[in-house]
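Student: Sending over work.cif (mmCIF, C-alpha atoms).
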data_entry
#
loop_
_atom_site.label_atom_id
_atom_site.label_comp_id
_atom_site.auth_asym_id
_atom_site.auth_seq_id
_atom_site.Cartn_x
_atom_site.Cartn_y
_atom_site.Cartn_z
CA MET A 1 0.00 0.00 0.00
CA LEU A 2 2.73 2.47 1.03
CA GLU A 3 4.69 1.53 -2.10
CA ASN A 4 1.61 2.26 -4.23
CA ILE A 5 1.19 5.65 -2.57
CA TYR A 6 4.88 6.46 -3.15
CA ASN A 7 4.70 5.36 -6.80
CA LEU A 8 1.57 7.37 -7.46
CA SER A 9 2.98 10.45 -5.71
CA LEU A 10 6.15 10.21 -7.77
CA PHE A 11 4.17 9.77 -11.00
CA GLU A 12 1.88 12.71 -10.20
CA PHE A 13 4.88 14.84 -9.26
CA LYS A 14 6.56 14.09 -12.60
CA ASN A 15 3.31 14.72 -14.46
CA HIS A 16 2.83 18.12 -12.82
CA ARG A 17 6.49 19.00 -13.30
CA SER A 18 6.16 18.26 -17.00
CA ASN A 19 3.17 20.65 -17.14
CA ILE A 20 4.93 23.42 -15.22
CA THR A 21 3.80 26.06 -17.75
CA SER A 22 0.21 25.80 -16.53
CA SER A 23 1.42 26.47 -12.96
CA ILE A 24 3.34 29.51 -14.25
CA PHE A 25 0.17 30.77 -15.97
CA ILE A 26 -1.72 30.51 -12.67
CA LEU A 27 1.03 32.50 -10.95
CA ILE A 28 0.96 35.16 -13.70
CA PHE A 29 -2.85 35.34 -13.44
CA TYR A 30 -2.53 35.80 -9.68
CA ALA A 31 0.13 38.49 -9.98
CA LEU A 32 -1.85 40.37 -12.65
CA GLY A 33 -4.97 40.23 -10.47
CA ILE A 34 -3.08 41.73 -7.53
CA ILE A 35 -1.49 44.44 -9.70
CA ILE A 36 -4.83 45.43 -11.28
CA PHE A 37 -6.48 45.73 -7.86
CA SER A 38 -3.53 47.67 -6.43
CA PHE A 39 -3.94 50.22 -9.24
CA ALA A 40 -7.67 50.34 -8.67
CA MET A 41 -7.22 50.94 -4.92
CA GLY A 42 -4.53 53.62 -5.34
CA GLY A 43 -1.43 54.22 -3.16
CA ASN A 44 -2.88 56.56 -0.50
CA VAL A 45 -2.94 54.03 2.29
CA TYR A 46 0.75 53.25 2.03
CA GLU A 47 1.70 56.92 2.13
CA SER A 48 -0.41 57.70 5.20
CA ILE A 49 0.95 54.64 7.06
CA ASN A 50 4.50 55.81 6.44
CA LYS A 51 3.76 59.31 7.59
CA LYS A 52 2.26 58.25 10.92
CA ASN A 53 4.92 55.65 11.79
CA ASP A 54 2.74 52.56 11.48
CA ILE A 55 -0.08 53.83 13.69
CA LEU A 56 -3.11 52.73 11.77
CA ASN A 57 -6.36 54.61 11.91
CA MET A 58 -9.78 53.20 11.17
CA ALA A 59 -9.75 54.09 7.47
CA GLN A 60 -6.39 52.43 6.99
CA MET A 61 -7.57 49.31 8.81
CA ASN A 62 -10.57 49.14 6.48
CA ALA A 63 -8.31 49.49 3.47
CA ILE A 64 -6.11 46.65 4.73
CA ASN A 65 -9.16 44.46 5.33
CA ILE A 66 -10.38 45.16 1.81
CA ASN A 67 -6.96 44.25 0.42
CA ILE A 68 -6.92 40.98 2.38
CA GLY A 69 -10.35 40.27 0.89
CA ILE A 70 -8.91 40.95 -2.56
CA ILE A 71 -6.10 38.43 -1.92
CA TRP A 72 -8.65 35.78 -0.99
CA GLY A 73 -10.92 36.63 -3.91
CA ILE A 74 -8.08 36.19 -6.40
CA THR A 75 -6.99 33.02 -4.59
CA ILE A 76 -10.46 31.52 -5.13
CA PHE A 77 -10.38 32.35 -8.85
CA ALA A 78 -6.89 30.86 -9.18
CA LEU A 79 -8.08 27.70 -7.41
CA LEU A 80 -11.10 27.48 -9.70
CA PHE A 81 -8.82 27.88 -12.71
CA TYR A 82 -6.53 24.96 -12.03
CA SER A 83 -9.12 22.64 -10.51
CA LEU A 84 -11.36 22.49 -13.58
CA SER A 85 -9.25 19.81 -15.20
CA LEU A 86 -8.24 18.05 -12.00
CA PHE A 87 -9.61 14.56 -12.76
CA LYS A 88 -10.74 15.01 -16.36
CA GLU A 89 -7.58 13.68 -18.02
CA ASP A 90 -7.28 10.69 -15.69
CA ILE A 91 -10.87 9.69 -16.44
CA SER A 92 -10.65 10.17 -20.21
CA ASP A 93 -7.29 8.41 -20.70
CA GLY A 94 -8.16 5.41 -18.50
CA THR A 95 -5.65 6.11 -15.69
CA LEU A 96 -8.47 5.92 -13.16
CA GLU A 97 -9.58 2.50 -14.49
CA GLN A 98 -6.06 1.15 -14.08
CA LEU A 99 -5.86 2.49 -10.52
CA ILE A 100 -9.12 0.75 -9.65
CA ILE A 101 -7.97 -2.56 -11.16
CA ASN A 102 -4.64 -2.36 -9.34
CA ASP A 103 -6.57 -1.91 -6.10
CA MET A 104 -5.16 1.54 -5.47
CA GLY A 105 -7.71 3.21 -3.20
CA LEU A 106 -9.30 6.19 -4.90
CA THR A 107 -9.33 8.07 -1.59
CA SER A 108 -5.53 8.08 -1.47
CA TYR A 109 -5.51 8.97 -5.18
CA VAL A 110 -7.69 12.03 -4.49
CA VAL A 111 -5.49 13.09 -1.55
CA ILE A 112 -2.27 12.72 -3.58
CA LYS A 113 -3.69 14.40 -6.68
CA THR A 114 -5.14 17.34 -4.73
CA LEU A 115 -2.04 17.85 -2.58
CA ILE A 116 0.41 17.75 -5.50
CA SER A 117 -1.84 19.97 -7.57
CA TRP A 118 -2.03 22.38 -4.63
CA ALA A 119 1.76 22.31 -4.18
CA PHE A 120 2.36 23.15 -7.84
CA ASN A 121 -0.38 25.72 -8.34
CA CYS A 122 -1.08 27.30 -4.94
CA LEU A 123 2.16 27.12 -3.03
CA PRO A 124 4.10 29.41 -5.41
CA PHE A 125 1.75 32.37 -4.87
CA ILE A 126 1.61 31.68 -1.13
CA ILE A 127 5.42 31.81 -0.94
CA LEU A 128 5.39 35.06 -2.94
CA GLN A 129 2.79 36.64 -0.62
CA PRO A 130 5.24 39.16 0.93
CA LEU A 131 5.66 40.60 -2.56
CA PHE A 132 1.93 40.66 -3.30
CA THR A 133 1.01 42.10 0.11
CA THR A 134 3.61 44.83 -0.42
CA ILE A 135 2.00 45.68 -3.77
CA LEU A 136 -1.35 45.89 -1.98
CA ASN A 137 0.12 48.11 0.78
CA ILE A 138 -0.48 45.64 3.59
CA PRO A 139 1.99 46.20 6.49
CA PRO A 140 4.63 43.47 7.14
CA SER A 141 3.07 42.67 10.54
CA TYR A 142 0.24 40.96 8.62
CA TRP A 143 2.43 38.83 6.34
CA LEU A 144 2.86 35.81 8.58
CA ASN A 145 -0.83 35.53 9.39
CA ILE A 146 -1.85 35.98 5.78
CA MET A 147 0.57 33.27 4.64
CA LEU A 148 -0.48 30.89 7.42
CA SER A 149 -4.17 31.39 6.75
CA LEU A 150 -3.56 31.00 3.00
CA VAL A 151 -1.76 27.67 3.53
CA ILE A 152 -4.49 26.29 5.77
CA GLY A 153 -7.44 27.89 3.96
CA SER A 154 -6.32 27.05 0.43
CA LEU A 155 -5.87 23.40 1.43
CA ALA A 156 -9.45 23.31 2.75
CA LEU A 157 -10.66 25.03 -0.42
CA SER A 158 -8.66 22.66 -2.67
CA PHE A 159 -10.25 19.58 -1.14
CA THR A 160 -13.70 21.20 -1.29
CA LEU A 161 -13.04 21.96 -4.95
CA SER A 162 -11.93 18.42 -5.72
CA LEU A 163 -15.26 17.22 -4.33
CA CYS A 164 -17.15 19.72 -6.49
CA VAL A 165 -15.08 18.79 -9.56
CA SER A 166 -15.91 15.10 -9.14
CA PHE A 167 -19.62 16.00 -9.35
CA ILE A 168 -19.32 17.88 -12.61
CA VAL A 169 -16.38 16.22 -14.38
CA ASN A 170 -18.54 14.57 -17.04
CA HIS A 171 -20.83 17.55 -17.55
CA SER A 172 -20.48 19.66 -20.68
CA LYS A 173 -21.12 23.03 -18.97
CA ASN A 174 -18.85 22.22 -16.07
CA ASN A 175 -17.23 25.67 -15.62
CA PHE A 176 -20.52 27.32 -14.81
CA ILE A 177 -21.85 24.53 -12.57
CA LEU A 178 -18.53 24.29 -10.70
CA SER A 179 -18.74 27.95 -9.73
CA ILE A 180 -22.34 27.53 -8.55
CA LEU A 181 -21.40 24.48 -6.47
CA PHE A 182 -18.12 25.75 -5.08
CA ILE A 183 -18.72 29.39 -4.19
CA PRO A 184 -21.48 28.71 -1.60
CA LEU A 185 -19.38 25.93 -0.06
CA SER A 186 -16.35 28.21 0.13
CA ILE A 187 -18.12 31.03 2.02
CA PRO A 188 -17.69 29.61 5.58
CA ILE A 189 -14.01 28.86 4.90
CA LEU A 190 -13.58 32.31 3.39
CA ILE A 191 -15.12 34.09 6.42
CA PHE A 192 -12.68 32.45 8.85
CA ALA A 193 -9.77 32.68 6.42
CA ILE A 194 -10.14 36.47 6.08
CA SER A 195 -10.68 36.85 9.80
CA SER A 196 -7.56 34.81 10.61
CA SER A 197 -5.54 36.86 8.10
CA GLU A 198 -6.42 39.85 10.27
CA ASN A 199 -4.48 38.43 13.24
CA ASN A 200 -7.40 36.58 14.84
CA SER A 201 -6.00 33.35 16.31
CA TYR A 202 -9.44 31.83 17.12
CA SER A 203 -10.43 32.09 13.48
CA LEU A 204 -7.16 30.40 12.53
CA LEU A 205 -8.03 27.45 14.77
CA ILE A 206 -11.51 27.16 13.24
CA LEU A 207 -9.93 27.36 9.79
CA LEU A 208 -7.56 24.58 10.79
CA ALA A 209 -10.55 22.48 11.88
CA PHE A 210 -12.21 23.13 8.48
CA SER A 211 -9.01 22.10 6.76
CA ILE A 212 -8.65 18.86 8.75
CA ILE A 213 -12.29 17.93 8.07
CA SER A 214 -11.81 18.65 4.35
CA ILE A 215 -8.64 16.58 4.12
CA PHE A 216 -10.06 13.57 5.96
CA ILE A 217 -13.70 13.47 4.83
CA TYR A 218 -13.99 15.00 1.36
CA PRO A 219 -11.52 12.61 -0.37
CA ILE A 220 -13.61 9.61 0.77
CA ILE A 221 -16.73 11.07 -0.87
CA THR A 222 -14.76 12.24 -3.93
CA GLY A 223 -13.20 8.78 -4.36
CA TYR A 224 -16.63 7.14 -4.17
CA ILE A 225 -18.05 9.51 -6.82
CA LEU A 226 -15.08 8.89 -9.13
CA LYS A 227 -15.54 5.12 -8.75
CA GLN A 228 -19.16 5.52 -9.82
CA LEU A 229 -18.06 7.55 -12.85
CA THR A 230 -15.89 4.69 -14.14
CA ASN A 231 -18.87 2.35 -13.68
CA GLN A 232 -20.77 4.05 -16.49
CA MET B 1 -4.88 -18.36 -7.46
CA LYS B 2 -1.78 -19.71 -9.19
CA SER B 3 -2.89 -23.32 -9.97
CA ASN B 4 -5.45 -24.31 -12.59
CA PHE B 5 -8.58 -22.28 -12.15
CA ILE B 6 -11.87 -21.58 -13.84
CA LEU B 7 -13.41 -18.16 -14.21
CA SER B 8 -17.10 -18.85 -14.13
CA CYS B 9 -19.71 -16.46 -15.52
CA ASN B 10 -23.31 -17.33 -14.73
CA ASN B 11 -26.29 -15.55 -16.24
CA ILE B 12 -24.45 -12.30 -16.84
CA THR B 13 -26.84 -9.69 -18.11
CA LEU B 14 -25.85 -6.15 -18.94
CA ASN B 15 -28.20 -3.21 -19.38
CA TYR B 16 -27.30 0.36 -20.20
CA GLY B 17 -30.36 2.27 -19.07
CA GLN B 18 -33.26 0.84 -21.06
CA ASN B 19 -31.01 -0.97 -23.54
CA GLN B 20 -30.08 -4.56 -22.92
CA ILE B 21 -26.60 -5.21 -24.35
CA PHE B 22 -26.52 -8.96 -23.71
CA SER B 23 -28.34 -11.36 -21.48
CA ASN B 24 -27.81 -14.71 -19.72
CA LEU B 25 -24.19 -15.10 -20.71
CA THR B 26 -23.01 -18.29 -19.04
CA HIS B 27 -19.52 -19.54 -19.69
CA ASP B 28 -16.56 -21.14 -17.94
CA PHE B 29 -13.18 -19.73 -18.90
CA LYS B 30 -10.33 -22.10 -18.02
CA SER B 31 -6.80 -21.02 -17.15
CA GLY B 32 -4.20 -21.84 -19.76
CA GLU B 33 -6.60 -21.02 -22.57
CA VAL B 34 -6.86 -18.23 -25.09
CA ILE B 35 -10.47 -17.08 -25.34
CA LEU B 36 -11.57 -14.94 -28.26
CA LEU B 37 -14.59 -12.70 -27.86
CA CYS B 38 -16.09 -11.85 -31.22
CA GLY B 39 -19.30 -10.19 -32.29
CA ASN B 40 -20.77 -7.12 -33.88
CA ASN B 41 -20.00 -3.61 -32.74
CA GLY B 42 -21.97 -2.91 -29.59
CA SER B 43 -22.50 -6.59 -28.80
CA GLY B 44 -20.77 -6.12 -25.42
CA LYS B 45 -17.26 -7.56 -25.96
CA SER B 46 -15.48 -4.66 -24.24
CA SER B 47 -18.20 -4.46 -21.61
CA LEU B 48 -17.70 -8.13 -20.71
CA LEU B 49 -13.99 -7.46 -20.17
CA LYS B 50 -14.92 -4.52 -17.97
CA ILE B 51 -17.34 -6.70 -16.00
CA ILE B 52 -14.61 -9.29 -15.39
CA SER B 53 -12.20 -6.58 -14.27
CA ARG B 54 -14.95 -5.16 -12.01
CA LEU B 55 -14.93 -1.80 -13.74
CA ILE B 56 -18.63 -2.36 -14.35
CA THR B 57 -20.55 -3.50 -11.30
CA LEU B 58 -23.48 -5.83 -11.86
CA TYR B 59 -26.51 -5.11 -9.72
CA ASP B 60 -28.54 -8.03 -11.10
CA ASP B 61 -29.14 -10.70 -8.41
CA HIS B 62 -29.02 -13.53 -10.96
CA SER B 63 -25.62 -12.57 -12.36
CA HIS B 64 -22.63 -14.25 -10.72
CA MET B 65 -18.96 -14.26 -11.52
CA TYR B 66 -16.37 -16.10 -9.50
CA LEU B 67 -13.15 -18.10 -9.62
CA LYS B 68 -12.77 -21.70 -8.55
CA ALA B 69 -9.92 -24.20 -8.60
CA GLU B 70 -10.39 -26.82 -11.31
CA THR B 71 -10.49 -29.66 -8.81
CA GLU B 72 -12.54 -27.94 -6.13
CA THR B 73 -16.01 -26.47 -5.88
CA GLU B 74 -15.13 -23.65 -3.50
CA GLN B 75 -15.84 -20.27 -5.07
CA GLN B 76 -13.57 -17.25 -4.73
CA ALA B 77 -14.18 -13.64 -5.60
CA ILE B 78 -12.04 -12.28 -8.42
CA ASN B 79 -9.12 -10.24 -7.11
CA THR B 80 -8.59 -7.42 -9.57
CA LYS B 81 -4.90 -7.29 -8.60
CA ASP B 82 -4.48 -10.55 -10.57
CA ILE B 83 -5.89 -8.95 -13.70
CA PHE B 84 -4.04 -7.18 -16.48
CA TYR B 85 -6.54 -5.06 -18.35
CA MET B 86 -5.79 -3.38 -21.65
CA GLY B 87 -8.79 -1.34 -22.71
CA HIS B 88 -9.53 1.06 -25.56
CA LYS B 89 -8.20 3.95 -23.50
CA GLN B 90 -4.47 4.36 -23.16
CA PRO B 91 -3.47 5.58 -19.71
CA LEU B 92 -0.57 7.66 -20.98
CA LYS B 93 0.43 11.24 -20.20
CA ASP B 94 1.61 13.24 -23.19
CA ASN B 95 4.45 15.06 -21.46
CA LEU B 96 5.95 12.06 -19.69
CA THR B 97 8.48 9.69 -21.21
CA ILE B 98 8.04 5.95 -21.78
CA PHE B 99 10.44 5.33 -18.89
CA ASP B 100 8.33 7.47 -16.52
CA HIS B 101 5.26 5.39 -17.34
CA LEU B 102 6.95 2.04 -16.81
CA TYR B 103 8.82 3.19 -13.70
CA PHE B 104 5.39 3.63 -12.10
CA HIS B 105 4.88 -0.15 -12.35
CA THR B 106 8.34 -1.39 -11.44
CA LYS B 107 11.48 0.02 -9.92
CA ASP B 108 13.54 -2.68 -11.68
CA LYS B 109 15.30 -0.67 -14.39
CA LYS B 110 16.71 -3.82 -15.98
CA LEU B 111 13.20 -5.22 -16.41
CA ILE B 112 12.07 -1.92 -17.96
CA ASP B 113 14.94 -2.08 -20.45
CA GLU B 114 14.14 -5.72 -21.19
CA SER B 115 10.46 -4.95 -21.85
CA LEU B 116 11.35 -2.03 -24.11
CA ALA B 117 13.90 -4.09 -26.01
CA TYR B 118 11.31 -6.87 -26.45
CA PHE B 119 8.88 -4.54 -28.23
CA ASN B 120 11.62 -2.56 -30.04
CA LEU B 121 11.01 0.60 -28.05
CA TYR B 122 14.37 0.89 -26.33
CA GLU B 123 15.60 3.78 -28.46
CA TYR B 124 12.47 5.77 -27.48
CA LYS B 125 12.98 5.15 -23.76
CA HIS B 126 13.28 8.85 -22.92
CA THR B 127 10.93 10.13 -25.61
CA GLN B 128 7.79 11.96 -24.54
CA VAL B 129 4.56 10.10 -25.33
CA LYS B 130 3.22 13.03 -27.39
CA ASN B 131 5.98 12.39 -29.95
CA LEU B 132 5.07 8.74 -30.50
CA SER B 133 2.77 7.10 -33.05
CA ALA B 134 -0.46 5.26 -32.12
CA GLY B 135 1.24 1.90 -32.57
CA GLN B 136 4.17 2.89 -30.36
CA LYS B 137 1.73 4.03 -27.68
CA THR B 138 0.04 0.61 -27.79
CA LYS B 139 3.48 -0.96 -27.44
CA ILE B 140 4.04 0.97 -24.18
CA ILE B 141 0.94 -0.78 -22.77
CA LEU B 142 2.28 -4.09 -24.07
CA SER B 143 5.65 -3.37 -22.42
CA LYS B 144 3.73 -2.93 -19.19
CA LEU B 145 2.16 -6.34 -19.85
CA TYR B 146 5.67 -7.77 -20.32
CA ILE B 147 6.70 -6.31 -16.94
CA GLN B 148 3.65 -7.68 -15.15
CA ARG B 149 3.43 -10.98 -17.04
CA THR B 150 4.55 -13.06 -14.06
CA ILE B 151 2.27 -11.47 -11.48
CA LYS B 152 -0.99 -11.27 -13.45
CA ASN B 153 -2.82 -14.50 -14.19
CA ILE B 154 -5.82 -13.14 -16.05
CA TRP B 155 -5.07 -11.04 -19.14
CA LEU B 156 -7.93 -9.06 -20.62
CA LEU B 157 -6.89 -7.57 -23.95
CA ASP B 158 -9.31 -5.38 -25.84
CA GLU B 159 -8.36 -5.15 -29.53
CA PRO B 160 -4.62 -5.56 -28.85
CA PHE B 161 -3.66 -6.16 -32.50
CA ASN B 162 -5.40 -3.09 -33.90
CA THR B 163 -2.61 -0.55 -34.21
CA ILE B 164 0.58 -2.60 -33.99
CA ASP B 165 2.68 -3.88 -36.89
CA LYS B 166 3.19 -7.54 -37.87
CA THR B 167 6.49 -7.86 -35.95
CA SER B 168 4.98 -6.55 -32.71
CA SER B 169 1.90 -8.68 -33.25
CA ASP B 170 4.12 -11.78 -33.48
CA LEU B 171 5.97 -10.74 -30.33
CA LEU B 172 2.68 -10.36 -28.48
CA ILE B 173 1.55 -13.79 -29.67
CA LYS B 174 4.86 -15.25 -28.44
CA LEU B 175 4.22 -13.63 -25.05
CA ILE B 176 0.68 -15.05 -24.96
CA LYS B 177 1.93 -18.54 -25.86
CA GLN B 178 4.46 -18.40 -23.01
CA ALA B 179 1.73 -17.20 -20.65
CA ILE B 180 -0.76 -19.99 -21.38
CA LEU B 181 1.96 -22.53 -20.58
CA LYS B 182 2.06 -20.93 -17.13
CA ASN B 183 -1.72 -21.28 -16.70
CA VAL B 184 -2.61 -17.70 -17.46
CA LEU B 185 -6.12 -17.09 -18.75
CA VAL B 186 -6.02 -14.80 -21.79
CA ILE B 187 -9.28 -13.26 -23.00
CA ILE B 188 -9.00 -11.25 -26.20
CA SER B 189 -11.71 -9.14 -27.75
CA SER B 190 -10.95 -8.60 -31.39
CA HIS B 191 -12.35 -8.33 -34.90
CA GLN B 192 -9.09 -9.38 -36.48
CA ILE B 193 -7.11 -12.20 -34.99
CA PRO B 194 -3.72 -13.18 -36.42
CA LYS B 195 -3.62 -16.65 -37.98
CA ASN B 196 -0.66 -17.80 -35.88
CA LEU B 197 -2.53 -17.35 -32.59
CA ASP B 198 -4.13 -20.60 -31.44
CA VAL B 199 -7.47 -19.71 -29.97
CA SER B 200 -8.84 -22.32 -27.56
CA THR B 201 -12.44 -21.12 -27.43
CA THR B 202 -14.37 -18.52 -29.34
CA VAL B 203 -17.30 -16.82 -27.65
CA ASN B 204 -19.67 -15.14 -30.08
CA MET B 205 -21.29 -12.28 -28.21
CA ASN B 206 -24.05 -12.09 -30.85
CA ASP B 207 -25.46 -15.30 -29.32
CA TYR B 208 -26.26 -13.43 -26.14
CA ILE B 209 -28.02 -10.44 -27.65
CA SER B 210 -31.52 -10.35 -26.19
CA ALA B 211 -34.46 -11.69 -28.23
CA HIS B 212 -35.90 -8.17 -28.50
CA GLU B 213 -32.67 -6.81 -30.00
CA ARG B 214 -32.50 -9.69 -32.49
CA LEU B 215 -36.05 -9.01 -33.59
CA GLU B 216 -35.14 -5.35 -34.12
CA GLU B 217 -32.05 -6.43 -36.12
CA LYS B 218 -34.20 -8.64 -38.39
CA LEU B 219 -36.70 -5.85 -38.94
#
For this file, write the structure as structure tokens.
Tutor:
Amino acid sequence: MLENIYNLSLFEFKNHRSNITSSIFILIFYALGIIIFSFAMGGNVYESINKKNDILNMAQMNAININIGIIWGITIFALLFYSLSLFKEDISDGTLEQLIINDMGLTSYVVIKTLISWAFNCLPFIILQPLFTTILNIPPSYWLNIMLSLVIGSLALSFTLSLCVSFIVNHSKNNFILSILFIPLSIPILIFAISSSENNSYSLLILLAFSIISIFIYPIITGYILKQLTNQ
Amino acid sequence: MKSNFILSCNNITLNYGQNQIFSNLTHDFKSGEVILLCGNNGSGKSSLLKIISRLITLYDDHSHMYLKAETETEQQAINTKDIFYMGHKQPLKDNLTIFDHLYFHTKDKKLIDESLAYFNLYEYKHTQVKNLSAGQKTKIILSKLYIQRTIKNIWLLDEPFNTIDKTSSDLLIKLIKQAILKNVLVIISSHQIPKNLDVSTTVNMNDYISAHERLEEKL
């Protein structure tokens, strides 16, 4: 079993590495999104923070909160982007059939696939957050919390997305239906993710709970749905 | 189950929605035999292979499929780990090399080289799949069969001769002949079967098309 998991992880890693351009496109999309919003918001906040030696007034706090919301909004769109084709190729080329025959549990397949996909597509823009938060004029004291909440929150969102994708993978209008399915499910995670980005440790714990539930429960359901898809 | 065994199909009926593909298929497939499934398009040849490999689950109470030793009556469920299944779909990733695909199935690099040399693919070992022809892609799947030939005792091959050349076809037949000597059950679904392959039993899937379908065909 462990050998199977290692083999599959290695294979998925090589497969994602060979498609690195799509991960770069996601990163470019993310960076462009941040830059566009930073232009739209203007640079006033940054100037006033500098002038008053980091003492933030209410208006500045609001601006920071809005910018954190922007980061999460773009994160959701980036996640939606790369998740659309998460299982599609494996179903159409028969990889999933071979995994079933070789008694490789589809739950572990979903976990591996989602985690590696997350590492290739999400992790780069999480690591580059200090740069993006600087562009959005968010003070450095927020960086650690934003990155931590992004790691935990994006994992929860990735597993929620993989569940949604399994529902719609064979549907012709899947882009539209995926958004309808995913966005309502992402709202609770998003509320606590934004709150924990704003230095709220309780929210971070709740977000962690969401993430643990997503990692342990959603893949079981996703695996079951994928098994049913190959049965058609 | 390594000794002589029988794969027994009893009253297998397959429906897709309202359409009945075949009904009451009853047959014993013995190890060490080459079984040929023939029949018209849509007669359920590929579906039967999928049923055996448990990719299609039967919900019909009257349909049973099990393994038993030739000398015993005790029934065993089919373990899909013993099955090598080659379907219409080719589980290959365009950007990965042939070596990457085979390394997923074995860490024995010598065995990978041996399998590639057997099907004349060695020079393409580090070539990406997207740069290969359809026949070469089929040969990757056959190289996987070569690697797993000693651990799989039921081979389900769906149209294996379709895209490969005469030389590769002969090599596959040689592999099949070696396998049946080791009590492997080989079930092939094909429209065109090479003359040098000795088929033990031919199952005509048209015989199991439901009476209603036959009537429609006549009309």
Student: Using Å and a single decimal, report how far atom CA of B:Lys139 sits from atom CA of B:Leu181.
Tutor: 22.7 Å
Student: Residues of stretch 1-91 of chain B that have any atom at most 6 Å from an atom of stretch 198-201 of chain B: could you tabulate them with the shortest-distance atom pair and the distance in Å to one decimal, using all atoms listed in the file, ordered by chain and increasing number, as JSON lines?
Tutor:
{"residue": "B:Glu33", "atom": "CA", "partner": "B:Ser200", "partner_atom": "CA", "distance": 5.6}
{"residue": "B:Val34", "atom": "CA", "partner": "B:Val199", "partner_atom": "CA", "distance": 5.1}
{"residue": "B:Ile35", "atom": "CA", "partner": "B:Thr201", "partner_atom": "CA", "distance": 5.0}
Student: Given the file shown, enumerate the residues that the PyMOL selection byres ((chain A and resi 97-110) around 6) captures and present them as a ChimeraX atom specification.
Tutor: /A:94-96,111-114,219-220,223 /B:80-81
Student: Kindly give the distance, in Å, that separates atom CA of A:Ile135 and atom CA of A:Trp72, rounded to a single decimal.
Tutor: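 One can read the atom CA of A:Ile135 to atom CA of A:Trp72 distance as 14.8 Å.
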Student: For the structure provided, state which residues fall under the PyMOL selection byres ((chain B and resi 194) around 12), and present them as a list in words.
Tutor: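 For this structure, the PyMOL selection byres ((chain B and resi 194) around 12) resolves to Leu36, Glu159, Pro160, Phe161, Asn162, Ile164, Asp165, Lys166, Thr167, Ser168, Ser169, Asp170, Leu171, Leu172, Ile173, Lys174, Ile188, Ser190, His191, Gln192, Ile193, Lys195, Asn196, Leu197, Asp198 and Val199 of chain B.
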Student: Measuring between only C-alpha atoms, which one of B:Thr163, B:Ala69, B:Tyr118, B:Ile112 shows the shortest distance to B:Gly135?
Tutor: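 Using only C-alpha atoms, B:Gly135 sits closest to B:Thr163.
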Student: Would you please work out which residue, of A:Ile70, A:Leu79, A:Leu150, A:Ile64, is nearest to A:Val165 when using all atoms listed in the file?
Tutor: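 Smallest separation from A:Val165 among the options: A:Leu79.
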Student: Rank B:His101, B:Lys107, B:Lys93, B:Lys68 by their smallest atom-to-atom distance to B:Ile140, using only C-alpha atoms, and report the top residue only.
Tutor: B:His101
Student: Can you pull out every residue within 7 Å of stretch 162-164 of chain A, counting only C-alpha atoms, but drop anything in the same chain fewer than 3 positions away, and send it as a PDB file with C-alpha atoms, in the coordinates of the input?
Tutor:
ATOM      1  CA  SER A  83      -9.120  22.640 -10.510  1.00  0.00           C
ATOM      2  CA  THR A 114      -5.140  17.340  -4.730  1.00  0.00           C
ATOM      3  CA  SER A 158      -8.660  22.660  -2.670  1.00  0.00           C
ATOM      4  CA  PHE A 159     -10.250  19.580  -1.140  1.00  0.00           C
ATOM      5  CA  PHE A 167     -19.620  16.000  -9.350  1.00  0.00           C
ATOM      6  CA  ILE A 168     -19.320  17.880 -12.610  1.00  0.00           C
ATOM      7  CA  LEU A 178     -18.530  24.290 -10.700  1.00  0.00           C
ATOM      8  CA  LEU A 181     -21.400  24.480  -6.470  1.00  0.00           C
ATOM      9  CA  PHE A 182     -18.120  25.750  -5.080  1.00  0.00           C
ATOM     10  CA  TYR A 218     -13.990  15.000   1.360  1.00  0.00           C
ATOM     11  CA  THR A 222     -14.760  12.240  -3.930  1.00  0.00           C
TER      12      THR A 222
END
Student: Just give me the residues with any atom within 12 Å of (-24.6, -1.2, -28.2), file coordinates, counting all atoms listed in the file, written as a list in words.
Tutor: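 Within the cut-off we find Leu14, Asn15, Tyr16, Gly17, Gln18, Asn19, Gln20, Ile21, Phe22, Gly39, Asn40, Asn41, Gly42, Ser43, Gly44, Lys45, Ser46, Ser47, Met205, Asn206, Ile209, Ser210 and Glu213 of chain B.
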Student: For the residues in that selection, give me C-alpha atoms as a compact mmCIF listing (two decimals), in the frame of the given file.
Tutor:
# COMPACT_ATOMS: atom_id res chain seq x y z
CA LEU B 14 -25.85 -6.15 -18.94
CA ASN B 15 -28.20 -3.21 -19.38
CA TYR B 16 -27.30 0.36 -20.20
CA GLY B 17 -30.36 2.27 -19.07
CA GLN B 18 -33.26 0.84 -21.06
CA ASN B 19 -31.01 -0.97 -23.54
CA GLN B 20 -30.08 -4.56 -22.92
CA ILE B 21 -26.60 -5.21 -24.35
CA PHE B 22 -26.52 -8.96 -23.71
CA GLY B 39 -19.30 -10.19 -32.29
CA ASN B 40 -20.77 -7.12 -33.88
CA ASN B 41 -20.00 -3.61 -32.74
CA GLY B 42 -21.97 -2.91 -29.59
CA SER B 43 -22.50 -6.59 -28.80
CA GLY B 44 -20.77 -6.12 -25.42
CA LYS B 45 -17.26 -7.56 -25.96
CA SER B 46 -15.48 -4.66 -24.24
CA SER B 47 -18.20 -4.46 -21.61
CA MET B 205 -21.29 -12.28 -28.21
CA ASN B 206 -24.05 -12.09 -30.85
CA ILE B 209 -28.02 -10.44 -27.65
CA SER B 210 -31.52 -10.35 -26.19
CA GLU B 213 -32.67 -6.81 -30.00
